[in-house]
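Q: So that we are looking at the same thing, I have put the structure below in structure tokens.
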Amino acid sequence: MSTAPQLDAAEAPPGARDLLLQTASDIMRDGDIVDISLSELSLRSGLNSALVKYYFGNKAGLMKALLDRDMEGIVHEVDALMAKDMPPEARLRRHIGAVVNTYYKTPYLNRLLMRLVRESDPDEAHRIADSYLTPLSRAYDRLIQDGIKLGVFRDVDPQLFYFTTTGACDRFFASRLVLKHCYDTETLTEELRDRYREHCIDFIMAGILVSR
């Protein structure tokens with residue numbers, strides 16, 4: 001039985017690891033899926049599929065590395081936003097817009113996150129939660145509580161608000177089949193992203209701001 005050729009560090013092209021991750025991301029975004037085939041990954045990246053084993057151990061390792069890449073960027077952006085000296089309302093508006101942009105770019109993200117938490121061993125599941133979910137939960141708690149203390153936000157549950165915001169953004173960009181069969185489109189265009197971003201900001205802010 002034939003096997004993929006083994007590669008060493010000297011044979012790995014510069015930037016190959018990042019290209020494999022980005023190609024995997026593109027495949028899942030374009031196909032509205034949370035899985036890939038190594039043959040398609042090789043074809044679209046132009047790289048030997050043996051590099052997956054070299055860099056990530058196996059396909060599951062590639063999926064974990066992709067989640068880490070995407071989620072580390074999100075946590076970093078949220079931390080940077082929370083460090084800015086700005087009113088809670090302005091901070092929340094900017095965050096909602098960023099969430100929409102994130103799911104437009106990586107519509108598979110929440111499904112991949114849930115899949116890996118569900119399929120990983122307990123230690124890895126805890127690592128994912130501790131690295132990404134807990135920091136985001138704490139940021140939401142601070143973000144909402146700051147607005148409540150200043151009297152600009154209603155007294156809402158930060159945990160439930162987190163699910164409301166991320167759920168609204170995730171659901172829209174993960175509903176390609178609904179767009180196709182009900183609205184005669186399945187293309188996630190920038191124009192559609194921009195329309196939905198403004199809709200989400202207006203809709204969510206109307207629900208949390210104290211009536212004047």
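Ligands are numbered from 1 in the order shown, chains are lettered A, B, ... in the order of the structure tokens, and residues start at 1 in each chain.
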Would you pick out the contacts of range 205-210 of chain A at 8 Å or less, using only C-alpha atoms, so that residues sharing its chain but fewer than 3 positions from it are not included, and give the list as a list in words?

A: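 Non-adjacent residues within range: Arg93, Gly151, Val152, Phe153, Arg154, Val156, Ile201 and Asp202 of chain A.
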
Q: Can you tell me how far CA of Leu38 in chain A sits from CA of Val117 in chain A, in Å to one decimal?

A: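 Those two atoms sit 22.0 Å apart.
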
Q: List the spatial neighbours of Leu113 in chain A as a count of residues only - criterion: any atom at most 10 Å away, only C-alpha atoms, same-chain residues fewer than 2 positions off excluded.

A: 19

Q: Between CA of Arg91 in chain A and CA of Arg197 in chain A, what is the spacing in Å?

A: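 Interatomic distance, CA of Arg197 in chain A to CA of Arg91 in chain A: 14.9 Å.
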
Q: Give me the residues within 7 Å of range 84-88 of chain A as an NGL selection string, counting only C-alpha atoms and dropping any in the same chain fewer than 5 places off.

A: :A and (143 or 146-147)

Q: As a count of residues only, please: the residues near range 13-15 of chain A (cut-off 10 Å, only C-alpha atoms, same-chain neighbours under 5 positions excluded).

A: 3

Q: Fewer than 3 positions away in the same chain doesn't count, so skip those; otherwise give me all residues within 12 Å of Ile27 in chain A, counting only C-alpha atoms, as JSON, numbers by chain.

A: {"A": [20, 21, 22, 23, 24, 30, 31, 32, 33, 34, 35, 36, 37, 38, 39, 40, 41, 42, 43, 44, 45, 106, 107, 108]}

Q: Could you check the closest approach to Val100 in chain A for each of A:Arg17, A:Arg29, A:Arg171, A:His76 and tell me which residue wins, using only C-alpha atoms?

A: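 So, comparing all the options, the nearest one is A:Arg171.
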
Q: Have a look at A:Leu160, A:Leu188, A:Val78, A:Met28 and name the one nearest to Phe173 in chain A; count only C-alpha atoms.

A: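 Comparing A:Leu160, A:Leu188, A:Val78, A:Met28 against Phe173 in chain A, the winner is A:Leu188.
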
Q: Please report, as a VMD selection string, each residue of range 2-191 of chain A to which DSSP assigns alpha helix (DSSP H) when run on this structure's backbone.

A: chain A and resid 16 to 31 38 to 45 50 to 56 59 to 83 88 to 105 109 to 119 122 to 128 134 to 149 158 to 173 176 to 183 190 to 191

Q: Have a look at CA of Arg142 in chain A and CA of Tyr104 in chain A and let me know their distance in Å, one decimal.

A: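 Atom-to-atom, CA of Arg142 in chain A and CA of Tyr104 in chain A are spaced 25.6 Å apart.
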